[in-house]
$ cat upload.txt   # compact mmCIF, C-alpha atoms and all ligand atoms
# COMPACT_ATOMS: atom_id res chain seq x y z
CA MET A 1 126.07 -9.21 -89.31
CA SER A 2 124.17 -9.70 -86.09
CA LEU A 3 124.78 -8.13 -82.74
CA ALA A 4 122.78 -10.81 -80.97
CA ALA A 5 125.84 -12.35 -79.38
CA ALA A 6 126.57 -9.11 -77.57
CA ILE A 7 123.12 -8.92 -76.02
CA ASP A 8 122.34 -10.12 -72.55
CA VAL A 9 119.11 -12.01 -73.20
CA LYS A 10 117.75 -13.05 -69.85
CA GLY A 11 116.40 -16.57 -69.74
CA TRP A 12 113.36 -15.87 -67.59
CA CYS A 13 110.38 -13.56 -67.48
CA PRO A 14 109.54 -11.44 -64.45
CA GLY A 15 106.35 -12.11 -62.52
CA VAL A 16 104.67 -10.84 -59.38
CA LEU A 17 106.35 -13.60 -57.38
CA ARG A 18 109.72 -12.98 -59.01
CA PRO A 19 110.17 -9.31 -59.99
CA MET A 20 113.07 -8.26 -62.21
CA GLN A 21 115.52 -5.44 -61.62
CA SER A 22 115.24 -2.58 -64.08
CA GLY A 23 116.60 0.95 -64.34
CA ASP A 24 113.75 2.46 -62.32
CA GLY A 25 113.60 -0.26 -59.67
CA LEU A 26 112.03 -3.69 -59.71
CA LEU A 27 109.29 -4.49 -62.17
CA ALA A 28 106.56 -7.07 -61.67
CA ARG A 29 104.61 -8.57 -64.54
CA VAL A 30 100.95 -9.29 -63.81
CA ARG A 31 99.28 -11.93 -65.95
CA PRO A 32 95.52 -11.32 -66.14
CA TRP A 33 93.45 -14.50 -66.29
CA CYS A 34 92.50 -15.21 -69.91
CA GLY A 35 93.57 -11.74 -71.03
CA ALA A 36 90.88 -9.85 -69.08
CA LEU A 37 90.86 -7.69 -65.96
CA ARG A 38 87.66 -7.07 -64.06
CA LEU A 39 87.20 -3.37 -63.45
CA ASP A 40 87.91 -3.72 -59.72
CA GLU A 41 91.09 -5.64 -60.56
CA ALA A 42 92.23 -2.88 -62.91
CA LYS A 43 91.59 -0.22 -60.26
CA GLY A 44 93.32 -2.36 -57.63
CA LEU A 45 96.41 -2.69 -59.82
CA ALA A 46 96.43 1.05 -60.45
CA ASP A 47 96.28 1.71 -56.70
CA ALA A 48 99.01 -0.86 -55.99
CA SER A 49 101.31 0.57 -58.66
CA GLU A 50 101.04 4.00 -57.06
CA ARG A 51 101.42 2.76 -53.53
CA PHE A 52 104.31 0.34 -54.03
CA GLY A 53 105.82 1.40 -57.37
CA ASN A 54 106.30 4.61 -59.32
CA GLY A 55 102.79 4.59 -60.84
CA HIS A 56 104.00 3.60 -64.31
CA ILE A 57 102.35 0.57 -65.87
CA ASP A 58 103.50 -0.95 -69.14
CA LEU A 59 101.32 -3.04 -71.44
CA THR A 60 103.42 -5.87 -72.83
CA ARG A 61 103.55 -7.62 -76.18
CA ARG A 62 102.25 -10.76 -74.45
CA ALA A 63 99.11 -8.93 -73.32
CA ASN A 64 100.25 -8.58 -69.71
CA LEU A 65 100.84 -5.59 -67.44
CA GLN A 66 104.11 -4.55 -65.84
CA ILE A 67 104.14 -2.53 -62.65
CA ARG A 68 107.34 -0.53 -62.51
CA GLY A 69 109.51 1.24 -60.01
CA LEU A 70 109.13 -1.07 -57.02
CA GLY A 71 111.56 -0.64 -54.16
CA ASP A 72 112.74 -3.72 -52.25
CA ALA A 73 110.45 -2.73 -49.40
CA GLY A 74 107.43 -2.49 -51.68
CA VAL A 75 107.62 -5.96 -53.20
CA HIS A 76 105.81 -7.82 -50.42
CA GLY A 77 103.12 -5.16 -50.24
CA LEU A 78 102.54 -5.43 -53.97
CA GLN A 79 102.48 -9.22 -53.85
CA ASP A 80 99.85 -9.14 -51.07
CA ALA A 81 97.77 -6.55 -52.93
CA VAL A 82 97.85 -8.47 -56.21
CA ASP A 83 97.16 -11.73 -54.38
CA ARG A 84 94.06 -10.19 -52.78
CA LEU A 85 92.87 -9.38 -56.30
CA GLY A 86 93.23 -13.07 -57.19
CA LEU A 87 95.89 -12.46 -59.82
CA VAL A 88 98.77 -14.44 -58.32
CA ASP A 89 99.57 -18.04 -59.19
CA ARG A 90 100.36 -20.64 -56.56
CA ASP A 91 104.13 -20.52 -57.15
CA VAL A 92 106.84 -19.04 -59.37
CA GLU A 93 106.81 -21.99 -61.76
CA ALA A 94 103.05 -21.89 -62.30
CA GLU A 95 103.22 -18.14 -62.83
CA ALA A 96 106.05 -18.42 -65.36
CA GLY A 97 104.22 -21.09 -67.35
CA ARG A 98 100.90 -19.26 -67.71
CA ASN A 99 101.59 -17.57 -71.01
CA ILE A 100 98.28 -17.55 -72.86
CA MET A 101 97.10 -14.79 -75.18
CA VAL A 102 93.36 -14.61 -75.87
CA SER A 103 91.57 -12.67 -78.62
CA PRO A 104 90.41 -9.48 -76.92
CA LEU A 105 86.79 -9.43 -78.09
CA ALA A 106 86.00 -13.03 -77.11
CA GLY A 107 82.46 -13.03 -75.72
CA ILE A 108 81.94 -9.43 -76.87
CA ASP A 109 81.98 -9.72 -80.67
CA PRO A 110 78.86 -11.71 -81.72
CA ASP A 111 80.64 -12.82 -84.91
CA GLU A 112 83.47 -14.42 -82.95
CA ALA A 113 83.55 -17.83 -81.26
CA ASP A 114 83.76 -17.40 -77.50
CA ILE A 115 86.99 -19.30 -76.93
CA ARG A 116 87.45 -18.25 -73.30
CA PRO A 117 86.50 -21.74 -71.99
CA ILE A 118 89.38 -23.16 -74.07
CA ALA A 119 91.78 -20.60 -72.60
CA ARG A 120 90.56 -21.39 -69.08
CA ALA A 121 90.94 -25.13 -69.68
CA LEU A 122 94.44 -24.55 -71.02
CA ALA A 123 95.41 -22.49 -67.97
CA GLY A 124 94.05 -25.28 -65.73
CA LEU A 125 96.03 -27.97 -67.56
CA LEU A 126 99.25 -25.94 -67.43
CA ALA A 127 98.81 -25.43 -63.69
CA SER A 128 97.94 -29.03 -62.89
CA ASP A 129 100.71 -30.83 -64.79
CA THR A 130 104.03 -30.16 -63.09
CA GLY A 131 105.80 -31.89 -66.00
CA LEU A 132 104.88 -28.88 -68.12
CA GLN A 133 106.98 -26.69 -65.84
CA ARG A 134 109.90 -27.87 -67.93
CA LEU A 135 108.68 -25.63 -70.74
CA PRO A 136 110.96 -22.60 -71.25
CA SER A 137 109.51 -19.59 -69.45
CA LYS A 138 108.93 -17.69 -72.69
CA PHE A 139 107.00 -20.59 -74.27
CA GLY A 140 103.53 -19.29 -75.07
CA PHE A 141 100.05 -20.17 -76.34
CA LEU A 142 97.48 -18.20 -78.30
CA VAL A 143 93.72 -18.80 -78.48
CA ASP A 144 91.74 -16.83 -81.06
CA GLY A 145 88.03 -16.74 -81.79
CA GLY A 146 88.37 -15.73 -85.47
CA GLY A 147 86.49 -12.44 -85.06
CA SER A 148 86.88 -8.94 -86.45
CA VAL A 149 89.74 -8.27 -84.00
CA SER A 150 92.11 -11.21 -84.25
CA ILE A 151 95.44 -12.09 -82.67
CA ALA A 152 95.92 -15.20 -84.81
CA GLY A 153 98.81 -13.68 -86.75
CA GLU A 154 100.82 -12.97 -83.60
CA ARG A 155 103.69 -15.16 -82.62
CA ALA A 156 103.09 -17.95 -80.12
CA ASP A 157 104.67 -21.38 -79.87
CA ILE A 158 101.28 -23.06 -80.15
CA SER A 159 98.23 -21.36 -81.68
CA LEU A 160 94.57 -22.33 -81.61
CA ARG A 161 92.20 -20.45 -83.88
CA ALA A 162 88.44 -20.95 -84.31
CA LEU A 163 87.58 -22.16 -87.77
CA GLY A 164 83.87 -22.81 -88.14
CA ARG A 165 83.04 -25.48 -85.57
CA THR A 166 86.64 -26.61 -85.14
CA MET A 167 89.93 -25.13 -83.94
CA ALA A 168 92.89 -24.81 -86.30
CA VAL A 169 96.17 -25.79 -84.66
CA GLY A 170 99.32 -23.82 -85.47
CA LEU A 171 102.99 -24.38 -84.67
CA ASP A 172 105.54 -21.57 -84.62
CA THR A 173 108.35 -21.84 -87.16
CA PRO A 174 111.12 -19.44 -88.22
CA ALA A 175 108.85 -18.49 -91.16
CA GLY A 176 105.72 -17.88 -89.06
CA THR A 177 102.79 -20.05 -87.99
CA ASP A 178 102.45 -23.44 -89.67
CA TRP A 179 98.75 -24.39 -89.45
CA VAL A 180 99.09 -28.14 -89.31
CA GLY A 181 95.53 -29.35 -88.78
CA SER A 182 92.32 -28.96 -86.85
CA THR A 183 90.73 -30.40 -83.75
CA SER A 184 87.41 -30.17 -81.95
CA ILE A 185 86.65 -27.26 -79.65
CA ASP A 186 86.32 -29.71 -76.74
CA GLU A 187 89.76 -31.21 -77.28
CA ALA A 188 91.68 -28.08 -78.27
CA ALA A 189 93.24 -27.37 -74.86
CA GLU A 190 94.30 -31.02 -74.44
CA VAL A 191 95.81 -31.00 -77.93
CA ALA A 192 97.83 -27.87 -77.14
CA VAL A 193 99.36 -29.34 -73.97
CA ALA A 194 99.98 -32.66 -75.74
CA ILE A 195 102.06 -30.77 -78.33
CA ALA A 196 103.90 -29.00 -75.51
CA ARG A 197 104.75 -32.37 -73.94
CA ILE A 198 106.11 -33.67 -77.25
CA PHE A 199 108.18 -30.51 -77.55
CA ILE A 200 109.67 -31.09 -74.09
CA GLY A 201 110.56 -34.65 -75.09
CA LEU A 202 112.33 -33.52 -78.25
CA SER A 203 114.03 -30.42 -76.88
CA GLN A 204 114.59 -31.26 -73.21
CA GLY A 205 112.73 -28.02 -72.56
CA GLN A 206 115.36 -25.86 -74.25
CA GLY A 207 114.71 -23.01 -76.68
CA ARG A 208 111.41 -22.35 -78.40
CA LEU A 209 109.39 -24.34 -80.89
CA ARG A 210 110.85 -22.33 -83.76
CA ASP A 211 114.37 -23.24 -82.57
CA LEU A 212 113.74 -26.97 -82.71
CA GLY A 213 115.70 -27.60 -85.91
CA GLU A 214 114.42 -29.16 -89.09
CA GLY A 215 114.62 -32.84 -88.17
CA PRO A 216 113.02 -32.66 -84.69
CA PHE A 217 110.37 -30.21 -85.96
CA ARG A 218 109.42 -32.59 -88.77
CA ARG A 219 109.07 -35.41 -86.26
CA LEU A 220 106.92 -33.30 -83.99
CA ARG A 221 104.78 -32.13 -86.90
CA ALA A 222 104.23 -35.70 -88.10
CA ILE A 223 103.20 -36.91 -84.65
CA VAL A 224 100.86 -33.97 -84.15
CA GLN A 225 99.27 -34.24 -87.57
CA LYS A 226 98.31 -37.88 -87.05
CA GLY A 227 95.77 -36.84 -84.43
CA LEU A 228 94.34 -33.85 -86.30
CA GLY A 229 91.74 -33.24 -89.00
CA PRO A 230 92.40 -31.28 -92.21
CA VAL A 231 92.81 -27.51 -92.14
CA GLY A 232 93.51 -26.52 -95.75
CA ASN A 233 95.91 -23.76 -96.70
CA LEU A 234 95.40 -21.14 -94.05
CA SER A 235 96.93 -17.71 -94.32
CA ILE A 236 95.94 -15.75 -91.26
CA GLU A 237 96.86 -12.24 -90.27
CA SER A 238 96.04 -10.33 -87.11
CA ARG A 239 93.25 -7.77 -87.31
CA ARG A 240 93.57 -4.79 -85.01
CA LEU A 241 91.13 -2.10 -83.98
CA VAL A 242 91.86 1.31 -82.55
CA GLY A 243 88.64 3.28 -82.21
CA ALA A 244 85.06 2.03 -82.02
CA LYS A 245 83.28 -0.65 -84.02
CA GLY A 246 79.67 -0.96 -82.94
CA SER A 247 79.77 -1.35 -79.17
CA ALA A 248 83.42 -2.50 -79.07
CA VAL A 249 86.11 0.03 -78.23
CA GLY A 250 89.88 -0.28 -78.62
CA VAL A 251 92.21 2.34 -77.16
CA ALA A 252 95.99 2.39 -77.21
CA ALA A 253 98.40 3.76 -74.65
CA PRO A 254 101.25 5.83 -76.13
CA PHE A 255 104.19 3.41 -76.45
CA GLY A 256 102.26 0.96 -74.30
CA ARG A 257 102.73 3.05 -71.13
CA LEU A 258 99.86 3.89 -68.78
CA ASP A 259 100.01 5.97 -65.66
CA ALA A 260 98.09 4.64 -62.69
CA HIS A 261 95.53 7.44 -62.89
CA GLN A 262 94.86 6.60 -66.56
CA LEU A 263 94.18 2.94 -65.80
CA ARG A 264 91.97 3.85 -62.84
CA SER A 265 90.06 6.45 -64.87
CA PHE A 266 89.69 4.15 -67.86
CA ALA A 267 88.27 1.41 -65.62
CA SER A 268 85.71 3.89 -64.24
CA LEU A 269 84.80 5.09 -67.73
CA ALA A 270 84.46 1.49 -68.94
CA GLY A 271 82.07 0.81 -66.06
CA GLU A 272 79.97 3.87 -66.96
CA ALA A 273 79.86 2.56 -70.55
CA GLY A 274 78.43 -0.74 -69.30
CA ALA A 275 81.56 -2.88 -69.63
CA ALA A 276 82.31 -5.72 -67.24
CA ASP A 277 86.04 -5.93 -67.86
CA ILE A 278 89.05 -4.63 -69.78
CA ARG A 279 90.77 -6.89 -72.29
CA LEU A 280 94.45 -6.71 -73.18
CA SER A 281 96.05 -7.32 -76.57
CA PRO A 282 99.58 -8.13 -77.76
CA TRP A 283 99.69 -4.82 -79.65
CA ARG A 284 99.22 -3.06 -76.31
CA ALA A 285 95.73 -1.69 -76.87
CA LEU A 286 92.93 -2.13 -74.33
CA TYR A 287 89.48 -3.34 -75.37
CA VAL A 288 86.07 -2.90 -73.84
CA GLY A 289 82.57 -4.02 -74.77
CA ALA A 290 80.25 -1.07 -74.14
CA ARG A 291 76.48 -1.42 -73.74
CA ASP A 292 75.80 0.05 -77.19
CA ALA A 293 77.36 2.13 -79.97
CA ALA A 294 76.44 5.44 -78.33
CA ALA A 295 78.13 4.41 -75.07
CA ALA A 296 81.17 3.32 -77.10
CA GLN A 297 81.43 6.78 -78.69
CA THR A 298 81.15 8.50 -75.31
CA LEU A 299 83.84 6.22 -73.91
CA MET A 300 86.18 6.98 -76.82
CA LYS A 301 85.85 10.71 -76.28
CA ALA A 302 86.52 10.39 -72.57
CA ALA A 303 89.49 8.06 -73.15
CA GLN A 304 91.05 10.62 -75.46
CA GLU A 305 90.68 13.26 -72.76
CA ILE A 306 92.79 11.16 -70.36
CA GLY A 307 95.59 10.82 -72.94
CA LEU A 308 94.76 7.51 -74.60
CA ILE A 309 94.89 7.02 -78.37
CA VAL A 310 91.53 6.43 -80.07
CA ASN A 311 92.44 7.17 -83.67
CA ALA A 312 94.05 4.46 -85.80
CA ASN A 313 95.88 7.16 -87.80
CA ASP A 314 97.64 8.64 -84.78
CA PRO A 315 101.35 8.86 -85.78
CA ILE A 316 102.42 7.53 -82.37
CA LEU A 317 100.99 4.17 -83.44
CA ARG A 318 103.58 3.90 -86.21
CA ILE A 319 106.36 4.06 -83.64
CA ASP A 320 107.49 1.36 -81.27
CA ALA A 321 109.73 2.56 -78.46
CA CYS A 322 110.96 0.59 -75.47
CA PRO A 323 111.09 2.30 -72.04
CA GLY A 324 114.72 3.36 -72.65
CA ALA A 325 116.59 5.55 -70.15
CA PRO A 326 116.17 6.09 -67.31
CA ALA A 327 113.71 3.21 -66.87
CA CYS A 328 115.98 0.53 -68.34
CA ARG A 329 119.57 0.14 -67.23
CA SER A 330 120.61 -1.10 -70.67
CA SER A 331 119.80 2.21 -72.33
CA SER A 332 121.79 5.43 -72.61
CA VAL A 333 119.07 7.29 -74.54
CA ASP A 334 115.58 8.60 -73.74
CA THR A 335 113.77 6.58 -76.38
CA ARG A 336 110.27 7.90 -75.76
CA ARG A 337 111.34 11.52 -75.92
CA THR A 338 112.96 10.76 -79.28
CA ALA A 339 109.86 8.85 -80.42
CA ARG A 340 107.57 11.79 -79.63
CA ARG A 341 109.78 14.12 -81.62
CA LEU A 342 109.76 11.71 -84.57
CA ALA A 343 105.96 11.44 -84.36
CA ALA A 344 105.78 15.20 -84.92
CA SER A 345 108.00 14.94 -88.02
CA SER A 346 106.88 14.30 -91.60
CA PHE A 347 108.31 10.75 -91.69
CA THR A 348 105.44 8.38 -92.51
CA GLY A 349 107.06 4.94 -92.35
CA SER A 350 107.23 2.53 -89.42
CA VAL A 351 109.79 3.41 -86.74
CA HIS A 352 111.43 1.46 -83.95
CA VAL A 353 113.31 3.43 -81.32
CA SER A 354 115.26 0.99 -79.18
CA GLY A 355 117.35 1.75 -76.12
CA CYS A 356 119.79 -1.01 -77.04
CA ALA A 357 120.29 -3.80 -79.57
CA LYS A 358 118.07 -6.21 -77.66
CA GLY A 359 115.09 -4.57 -79.37
CA CYS A 360 112.42 -5.43 -76.76
CA ALA A 361 109.70 -3.24 -78.28
CA ARG A 362 109.61 -4.85 -81.72
CA SER A 363 111.03 -7.98 -83.32
CA ALA A 364 109.68 -7.37 -86.85
CA PRO A 365 111.65 -5.10 -89.20
CA ALA A 366 110.75 -1.39 -89.34
CA ASP A 367 111.40 1.20 -92.06
CA LEU A 368 113.60 3.16 -89.67
CA VAL A 369 115.31 1.70 -86.61
CA LEU A 370 117.24 3.80 -84.11
CA VAL A 371 119.36 1.87 -81.64
CA GLY A 372 120.81 3.60 -78.59
CA GLU A 373 124.53 3.30 -77.98
CA GLN A 374 126.59 5.54 -75.70
CA GLY A 375 124.14 8.42 -75.82
CA ARG A 376 123.72 8.37 -79.61
CA TYR A 377 121.63 6.32 -82.00
CA GLY A 378 122.78 3.79 -84.55
CA VAL A 379 120.60 4.17 -87.65
CA VAL A 380 119.24 1.16 -89.55
CA HIS A 381 116.83 1.19 -92.47
CA HIS A 382 114.44 -1.69 -93.20
CA GLY A 383 115.79 -3.90 -90.47
CA THR A 384 115.70 -4.67 -86.78
CA ALA A 385 117.54 -3.42 -83.71
CA ARG A 386 119.98 -6.30 -84.08
CA ASN A 387 121.30 -5.21 -87.46
CA LEU A 388 124.64 -3.44 -87.70
CA PRO A 389 123.98 0.34 -87.85
CA GLU A 390 124.65 2.10 -91.14
CA ARG A 391 125.78 5.22 -89.28
CA PHE A 392 125.38 7.04 -85.95
CA ALA A 393 123.56 10.30 -85.19
CA GLU A 394 123.15 12.47 -82.11
CA ALA A 395 119.97 11.82 -80.13
CA GLU A 396 118.83 15.45 -80.27
CA ASP A 397 119.34 15.86 -84.01
CA VAL A 398 116.04 14.69 -85.51
CA GLY A 399 117.13 15.81 -88.99
CA ALA A 400 120.22 13.58 -88.84
CA LEU A 401 118.21 10.68 -87.43
CA LEU A 402 115.84 10.88 -90.39
CA ASP A 403 118.42 11.67 -93.05
CA VAL A 404 118.63 8.81 -95.55
CA GLY A 405 121.50 10.35 -97.49
S1 LIG B 501 115.61 -2.75 -75.80
FE1 LIG B 501 115.07 -1.11 -74.39
S2 LIG B 501 113.90 -2.09 -72.74
FE2 LIG B 501 114.97 -3.73 -73.87
S3 LIG B 501 116.89 -4.03 -72.73
FE3 LIG B 501 117.33 -2.55 -74.38
S4 LIG B 501 117.01 -0.53 -73.47
FE4 LIG B 501 116.05 -2.02 -72.12
$ encode --input "upload.txt" --output "structure tokens"
Amino acid sequence: MSLAAAIDVKGWCPGVLRPMQSGDGLLARVRPWCGALRLDEAKGLADASERFGNGHIDLTRRANLQIRGLGDAGVHGLQDAVDRLGLVDRDVEAEAGRNIMVSPLAGIDPDEADIRPIARALAGLLASDTGLQRLPSKFGFLVDGGGSVSIAGERADISLRALGRTMAVGLDTPAGTDWVGSTSIDEAAEVAVAIARIFIGLSQGQGRLRDLGEGPFRRLRAIVQKGLGPVGNLSIESRRLVGAKGSAVGVAAPFGRLDAHQLRSFASLAGEAGAADIRLSPWRALYVGARDAAAAQTLMKAAQEIGLIVNANDPILRIDACPGAPACRSSSVDTRRTARRLAASSFTGSVHVSGCAKGCARSAPADLVLVGEQGRYGVVHHGTARNLPERFAEAEDVGALLDVG
């Protein structure tokens, strides 16, 4: 049985131009261009989050940043500050439609195709065609270079993934990405927006690609496939990195939350390591290309000292936890406090601690799911936050939360 019907799923995503109310004030989502922030942009956002918000910055599962805790009076100041950094779109509609995830080591990893020009072309097409503003605000694109750190297994309505000298084209379905064909690198961005236009025609801009229904999806697939080359049977998974690999460094923020001073310090450290920018990923780790392997090691050590995670075996990385109370008004439990206590326990499976049944932090099943309800947690095993709890346990009782009996 699903609890989805009881959940207030908002139909739009917050931006800088249209912040959203949350438990700790307004929050504004900043969309970096092509998944990268120049170091001065990162420092500017850190400063702005302290000056106009509460200094808490969340990394999102769409590889964006959320500045939290804005008061009504601070919104215009933040908008001006972010605009001066060049990170604001021309209007609310353009901002809402620019949902493009880019593989974080594009242009850094020599074994990966540099697909940033495709992402830039795609952003330009989305901004220039007002007809595409009929896409649902959560409709998203993914562009992956096929390197050692890959986002190609993440969920996006339309995926483009480098495959030799071509780009594989993927469509989101309820069962995952359906790689339907391939196109040239030069045409990849045009192909992606052409698919989006067909989707609008079939759906009237409602729902997501995976919600299209069997008949309309088959029609869309057939139309799309006519213009594509072969792709073979592709089975693609994401490849993550936390730690250093050569000169590339990936660091994670505990539960995807940075404080302003951490972002500012990390940007300074990245500069000292020879990096030009900071890349974001949908698993909420930050990536940097250092000048060499020695600089990467120095950066890792320094990042650890400011509270970032540099070890892929860190137990915090097994736990997804949404902001919970008091940051989110939908939660009655302090999810991150619970998550830290679970990280110190002997439980070794995947964990999702959710402030409510909406389950913002994780859509995939986890071994253990705790769902906040009236100050307690509903306990689910091998499921998602939307499953009916097997039982309830007090938030402070870690033994009861973990008890499978
Ligand atoms: S899952 Fe967490 S962040 Fe999302 S609405 Fe519920 S309490 Fe808020």
$ residues_around --input "upload.txt" --residues "Pro230 in chain A" --least-positions-apart "3" --cutoff "8 Å" --atoms "only C-alpha atoms" --output "list of chain:residue names"
A:Val180, A:Gly181, A:Ser182
$ axis_aligned_box --input "upload.txt" --around "ligand LIG 501 (chain B)" --padding-each-side "3 Å" --output "AutoDock Vina command-line options"
--center_x 115.6 --center_y -2.3 --center_z -74.0 --size_x 9.4 --size_y 9.5 --size_z 9.7
$ residues_near_ligand --input "upload.txt" --ligand "ligand LIG 501 (chain B)" --cutoff "7 Å" --atoms "all atoms listed in the file" --output "JSON, numbers by chain"
{"A": [322, 323, 324, 325, 328, 329, 330, 331, 354, 355, 356, 357, 358, 359, 360, 361]}
$ write_last_selection --input "upload.txt" --atoms "C-alpha atoms" --output "PDB file, in the coordinates of the input"
ATOM      1  CA  CYS A 322     110.960   0.590 -75.470  1.00  0.00           C
ATOM      2  CA  PRO A 323     111.090   2.300 -72.040  1.00  0.00           C
ATOM      3  CA  GLY A 324     114.720   3.360 -72.650  1.00  0.00           C
ATOM      4  CA  ALA A 325     116.590   5.550 -70.150  1.00  0.00           C
ATOM      5  CA  CYS A 328     115.980   0.530 -68.340  1.00  0.00           C
ATOM      6  CA  ARG A 329     119.570   0.140 -67.230  1.00  0.00           C
ATOM      7  CA  SER A 330     120.610  -1.100 -70.670  1.00  0.00           C
ATOM      8  CA  SER A 331     119.800   2.210 -72.330  1.00  0.00           C
ATOM      9  CA  SER A 354     115.260   0.990 -79.180  1.00  0.00           C
ATOM     10  CA  GLY A 355     117.350   1.750 -76.120  1.00  0.00           C
ATOM     11  CA  CYS A 356     119.790  -1.010 -77.040  1.00  0.00           C
ATOM     12  CA  ALA A 357     120.290  -3.800 -79.570  1.00  0.00           C
ATOM     13  CA  LYS A 358     118.070  -6.210 -77.660  1.00  0.00           C
ATOM     14  CA  GLY A 359     115.090  -4.570 -79.370  1.00  0.00           C
ATOM     15  CA  CYS A 360     112.420  -5.430 -76.760  1.00  0.00           C
ATOM     16  CA  ALA A 361     109.700  -3.240 -78.280  1.00  0.00           C
TER      17      ALA A 361
END
$ closest_residue --input "upload.txt" --among "A:Gly124, A:Gly289, A:Gly213, A:Pro14" --to "Ala106 in chain A" --atoms "all atoms listed in the file"
A:Gly289
$ atom_distance --input "upload.txt" --atom1 "CA of Lys245 in chain A" --atom2 "CA of Ala152 in chain A"
19.3 Å
$ closest_residue --input "upload.txt" --among "A:Arg155, A:Arg391, A:Arg221, A:Arg291" --to "Leu202 in chain A" --atoms "only C-alpha atoms"
A:Arg221
$ residues_around --input "upload.txt" --residues "Asp24 in chain A" --least-positions-apart "3" --cutoff "8 Å" --atoms "only C-alpha atoms" --output "list in words"
Arg68, Gly69, Leu70, Pro326, Ala327, Cys328 and Arg329 of chain A
$ write_last_selection --input "upload.txt" --atoms "C-alpha atoms" --output "CSV table (one decimal), keeping the file's coordinate frame"
chain,number,residue,atom,x,y,z
A,68,ARG,CA,107.3,-0.5,-62.5
A,69,GLY,CA,109.5,1.2,-60.0
A,70,LEU,CA,109.1,-1.1,-57.0
A,326,PRO,CA,116.2,6.1,-67.3
A,327,ALA,CA,113.7,3.2,-66.9
A,328,CYS,CA,116.0,0.5,-68.3
A,329,ARG,CA,119.6,0.1,-67.2
$ atom_distance --input "upload.txt" --atom1 "CA of Ile223 in chain A" --atom2 "CA of Ser150 in chain A"
28.0 Å
$ closest_residue --input "upload.txt" --among "A:Gly274, A:Gly147, A:Gly44, A:Pro282" --to "Ile100 in chain A" --atoms "all atoms listed in the file"
A:Pro282
